[in-house]
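Everything on this sheet refers to the single structure shown next.
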There are 2 protein chains.
Amino acid sequence: MVRTLRESSITTYTLQCLSDFEDAYQRRINELTARRNQARKIVGTFCLFVPDEIIYAAGADRVILCGGRNATVSLAEEYLPRNICPLVKSSFGSVVSTECSGGDACPHFNLIDMVVAEATCDAKKKMYELLNEYIPTYVIDLPQKPDSPAGIAYYTVQLEQFTDAMEGLTGTLITDDRLRREIKSANETRSLLHRLYELRRRDPPPIRGLDVLTVLQKQFFLSPEELRRILRQLCDEAERKPNEGARKPRIMISGCPMAGGNIKVPKIIEDRGGVIVVEESCTGTRAFWNLVDEHKDPLRAIAERYMQIPCSCMTPNEWRTEHIRELVERFNVDGVVYYTLQSCHAYNIERFRVQQALKETHTPLLAIETDYSDSDVEQIATRVDAFMEMIASSP
Amino acid sequence: MVRTLRESSITTYTLQCLSDFEDAYQRRINELTARRNQARKIVGTFCLFVPDEIIYAAGADRVILCGGRNATVSLAEEYLPRNICPLVKSSFGSVVSTECSGGDACPHFNLIDMVVAEATCDAKKKMYELLNEYIPTYVIDLPQKPDSPAGIAYYTVQLEQFTDAMEGLTGTLITDDRLRREIKSANETRSLLHRLYELRRRDPPPIRGLDVLTVLQKQFFLSPEELRRILRQLCDEAERKPNEGARKPRIMISGCPMAGGNIKVPKIIEDRGGVIVVEESCTGTRAFWNLVDEHKDPLRAIAERYMQIPCSCMTPNEWRTEHIRELVERFNVDGVVYYTLQSCHAYNIERFRVQQALKETHTPLLAIETDYSDSDVEQIATRVDAFMEMIASSP
């Protein structure tokens with residue numbers, strides 16, 4: 001990824017920021033190892049629906065475990081069907097490979113005490129059951145009808161039970177004060193991400209999508225303090241940048257998350273002359289758009305905020321189509337690349353609704369369903385080229 | 001199907017029963033048409049998690065809408081991704097085809113006032129959103145962690161809301177007395193199915209699996225009275241049948257439902273010399289195994305019973321693996337055909353756990369993932385042949 005950044009024609013400020021970011025992974029691994037040696041508990045997560053606030057309030061640390069690398073997919077296929085999403089296979093493959101080969105595939109799997117999972121999509125839900133044979137895996141149930149009082153009440157009960165489980169793990173009582181402090185901290189991070197995204201509304205934006213993605217992919221891996229430090233640095237430098245350069249087609253990516261290691265499609269888009277200005281994704285707006293209300297009962301406020309995440313596991317998911325239309329307008333988007341991981345039924349089927357919504361605003365959509373392999377790079381590049389030409393030639 | 005039955009070497013009693021059953025579909029369509037003309041409301045369902053008891057207690061009628069025919073799959077693929085489960089595509093294709101071509105594909109879609117759906121698997125859940133553009137579609141949310149008091153409480157709230165929706169549709173108040181009457185009626189049907197399955201424990205069983213499946217596929221299409229009449233007739237005749245004939249490999253089918261029209265794999269199994277003695281399936285034991293407690297608060301008792309359905313959408317789904325092992329023993333099963341519809345992630349991934357459980361009992365398992373097309377019939381037949389030989393040659 002670093003090589004890619006240096007090859008491209010980005011400005012000095014970005015390089016400064018990201019060269020400082022290059023060893024962030026190893027620094028964090030060292031930090032986690034040190035903390036573990038001091039008996040600090042470390043929790044692994046896979047999904048936005050697991051509230052960080054509760055983990056930190058219990059005095060535990062947290063890392064995201066979603067896999068974005070192709071290397072561990074084939075290992076997973078000895079346990080899981082081939083025709084499921086690569087994120088699920090890559091993640092599970094990392095665990096198995098850590099188990100089998102002494103940990104060289106994914107060092108942070110060996111650092112965690114517990115996985116905190118959630119009942120979102122079919123493939124993840126069932127993969128977690130197998131994962132539990134390797135690492136204790138706690139599952140938070142999730143109502144699937146958003147915006148329903150009964151659903152929020154049920155999710156609140158789930159979070160209460162999760163709070164008990166975390167207290168059991170760390171021995172630290174999760175008081176309302178501790179929760180409020182963590183809510184404030186998480187909201188601060190979310191606000192910084194809003195600040196960063198606001199800068200991307202400029203035309204041309206002062207920062208490439210690929211550079212933002214590098215940070216977004218590590219947002220739940222780094223400590224909140226380190227993430228905020230990097231975000232502040234990035235925003236400060238981007239704000240100082242003069243508004244210059246040629247206009248490029250402004251692309252929104254919408255759909256499945258892009259876990260660390262997976263930059264295939266964004267790289268193609270920006271290599272072929274586009275610039276990604278917003279990601280409607282778990283590695284994007286879904287992660288930070290709404291803040292937790294700091295004036296309500298903390299657990300209830302957390303439940304309300306997290307239930308607003310417009311994941312395609314929710315039904316109906318009107319919030320998502322509305323949000324996409326708002327983002328198209330706010331970020332002055334020329335075209336949407338609807339990105340799905342192979343066999344992700346929920347995002348794949350929901351494409352129809354998104355396509356309908358975007359037709360009304362005359363926003364072109366390019367649908368790409370892919371995995372983590374390189375076999376379709378040329379084919380995707382050809383389609384992206386045609387999409388860019390179409391955007392450039394439209395009035 | 002009728003042709004198949006006549007071709008095979010089944011005894012006269014089966015023919016009697018099933019020849020009477022031949023025009024059951026048309027009789028029911030006529031009945032529904034007549035009822036609709038008398039302003040009776042008719043509800044369509046797709047899944048076992050929608051309690052019949054509540055629909056009937058509201059004075060409505062009910063038909064199952066799951067599609068098992070390949071003919072409507074390609075129509076659906078104009079709206080839905082190709083790489084999702086054929087049941088979802090076939091069902092949706094029937095609606096679209098009814099809309100487009102004046103109703104010749106699936107006459108009962110034109111008879112219904114409302115679809116009552118449920119949040120089970122990703123593909124169905126998202127398909128229902130599209131369906132709602134054709135037929136008003138009410139979705140019951142479903143907790144995904146079974147055996148949890150909070151989950152049962154949430155599902156009970158969902159059923160209360162569903163009760164309100166049904167009262168709104170029909171104008172009939174759903175009293176506890178009406179619910180209790182319908183619970184008793186549904187339990188009576190379930191008990192008759194237990195009586196039928198008990199007969200299949202015989203060696204050889206007095207009835208073929210294909211014949212049982214014909215009835216099971218219509219169990220949520222027929223009126224409860226008609227279904228019970230047929231089941232009684234079937235049981236009476238089967239009980240009178242002398243215990244004769246050669247022993248055949250006793251096969252359990254376990255996995256995805258087989259909607260009406262889909263008999264591909266059972267037909268191959270029984271054509272190749274096996275006999276299906278039990279189906280761990282929605283078109284099988286999952287539909288009737290547990291009864292509703294008639295002595296508890298009716299809605300709560302319904303919630304408790306339905307939450308025990310060991311669908312693979314539940315996590316963890318220990319009840320299913322336990323149930324499969326019980327069934328293997330109870331029905332003296334020689335081999336399990338693990339049947340999945342293409343891209344059904346939940347049942348496909350859960351195969352690993354089932355395989356593990358069956359290894360402990362030394363029960364062989366043949367995994368078949370297929371769709372509704374005929375393209376793989378020969379390939380499946382070859383694999384089934386090898387499986388039968390393996391069973392025949394094992395000690």
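Following the order of the structure tokens, chains are lettered A, B, ..., residues in each are numbered from 1, and ligands are numbered from 1.
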Where does chain B meet chain A within 6 Å, residue by residue, with the nearest atom pair and distance in Å to one decimal for each, counting only C-alpha atoms, listed by chain and rising number, as JSON lines?
{"residue": "B:Leu80", "atom": "CA", "partner": "A:Ile349", "partner_atom": "CA", "distance": 5.8}
{"residue": "B:Asp122", "atom": "CA", "partner": "A:Ala346", "partner_atom": "CA", "distance": 5.5}
{"residue": "B:Ala123", "atom": "CA", "partner": "A:His345", "partner_atom": "CA", "distance": 5.7}
{"residue": "B:His345", "atom": "CA", "partner": "A:Ala123", "partner_atom": "CA", "distance": 5.7}
{"residue": "B:Ala346", "atom": "CA", "partner": "A:Asp122", "partner_atom": "CA", "distance": 5.4}
{"residue": "B:Ile349", "atom": "CA", "partner": "A:Leu80", "partner_atom": "CA", "distance": 5.8}
Please run DSSP on the backbone and report, as a ChimeraX atom specification, all residues within range 120-149 of chain B that come out as strand (DSSP E or B). /B:137-140
Tell me, as a PyMOL selection string, which residues lie within 6 Å of range 37-49 of chain B, counting only C-alpha atoms; anything in the same chain fewer than 5 positions away does not count. chain B and resi 60-66+112-116
Selection file, C-alpha atoms, as a JSON list (two decimals), in the first residue's frame:
[["chain", "number", "residue", "atom", "x", "y", "z"],
["B", 60, "ALA", "CA", -58.49, -15.50, 7.98],
["B", 61, "ASP", "CA", -57.42, -18.34, 5.73],
["B", 62, "ARG", "CA", -53.79, -19.17, 4.92],
["B", 63, "VAL", "CA", -51.69, -20.56, 2.07],
["B", 64, "ILE", "CA", -47.97, -21.15, 1.80],
["B", 65, "LEU", "CA", -46.24, -19.29, -1.03],
["B", 66, "CYS", "CA", -42.81, -20.96, -1.17],
["B", 112, "ILE", "CA", -54.17, -13.30, -1.11],
["B", 113, "ASP", "CA", -54.71, -10.02, 0.74],
["B", 114, "MET", "CA", -51.45, -9.87, 2.63],
["B", 115, "VAL", "CA", -48.12, -11.66, 2.94],
["B", 116, "VAL", "CA", -46.94, -12.40, 6.45]]
Could you list, as a count of residues only, every residue within 12 Å of Asp385 in chain A, counting only C-alpha atoms and ignoring same-chain residues fewer than 6 positions away? 13
Looking only at the backbone, which of the residues in range 189-292 of chain B does DSSP tag as alpha helix (DSSP H), as JSON, numbers by chain? {"B": [189, 190, 191, 192, 193, 194, 195, 196, 197, 198, 199, 209, 210, 211, 212, 213, 214, 215, 216, 217, 224, 225, 226, 227, 228, 229, 230, 231, 232, 233, 234, 235, 236, 237, 238, 239, 240, 264, 265, 266, 267, 268, 269, 270, 271]}
Would you save the residues of that selection, restricted to C-alpha atoms, as a compact mmCIF listing (two decimals), in the first residue's frame?
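Listed below is the output, result-v1.txt:
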# COMPACT_ATOMS: atom_id res chain seq x y z
CA THR B 189 -52.43 -31.89 13.12
CA ARG B 190 -48.96 -32.15 14.65
CA SER B 191 -49.97 -35.29 16.53
CA LEU B 192 -51.24 -36.87 13.32
CA LEU B 193 -47.91 -36.15 11.67
CA HIS B 194 -46.19 -37.82 14.63
CA ARG B 195 -48.46 -40.82 14.10
CA LEU B 196 -47.44 -40.95 10.42
CA TYR B 197 -43.74 -40.64 11.25
CA GLU B 198 -44.00 -43.36 13.91
CA LEU B 199 -45.12 -45.75 11.15
CA GLY B 209 -40.58 -40.81 1.47
CA LEU B 210 -41.75 -39.32 -1.82
CA ASP B 211 -45.36 -40.02 -0.90
CA VAL B 212 -44.94 -38.41 2.50
CA LEU B 213 -43.24 -35.42 0.88
CA THR B 214 -46.20 -34.91 -1.46
CA VAL B 215 -48.38 -34.41 1.58
CA LEU B 216 -45.79 -32.37 3.53
CA GLN B 217 -45.36 -29.98 0.64
CA PRO B 224 -56.16 -27.91 8.43
CA GLU B 225 -59.35 -30.01 8.17
CA GLU B 226 -58.44 -31.34 4.73
CA LEU B 227 -54.84 -32.02 5.77
CA ARG B 228 -56.01 -33.98 8.80
CA ARG B 229 -58.49 -35.96 6.72
CA ILE B 230 -55.69 -37.00 4.35
CA LEU B 231 -53.26 -37.74 7.19
CA ARG B 232 -55.82 -39.95 8.95
CA GLN B 233 -56.51 -41.85 5.74
CA LEU B 234 -52.79 -42.28 5.11
CA CYS B 235 -52.10 -43.48 8.66
CA ASP B 236 -55.10 -45.84 8.71
CA GLU B 237 -54.03 -47.47 5.47
CA ALA B 238 -50.36 -47.61 6.40
CA GLU B 239 -51.15 -49.19 9.77
CA ARG B 240 -53.11 -51.96 8.06
CA LYS B 264 -35.47 -33.76 -7.39
CA VAL B 265 -33.22 -35.23 -4.72
CA PRO B 266 -35.79 -37.42 -2.88
CA LYS B 267 -36.81 -38.90 -6.23
CA ILE B 268 -33.18 -39.73 -7.07
CA ILE B 269 -32.68 -41.32 -3.63
CA GLU B 270 -35.74 -43.53 -3.88
CA ASP B 271 -35.21 -44.31 -7.57
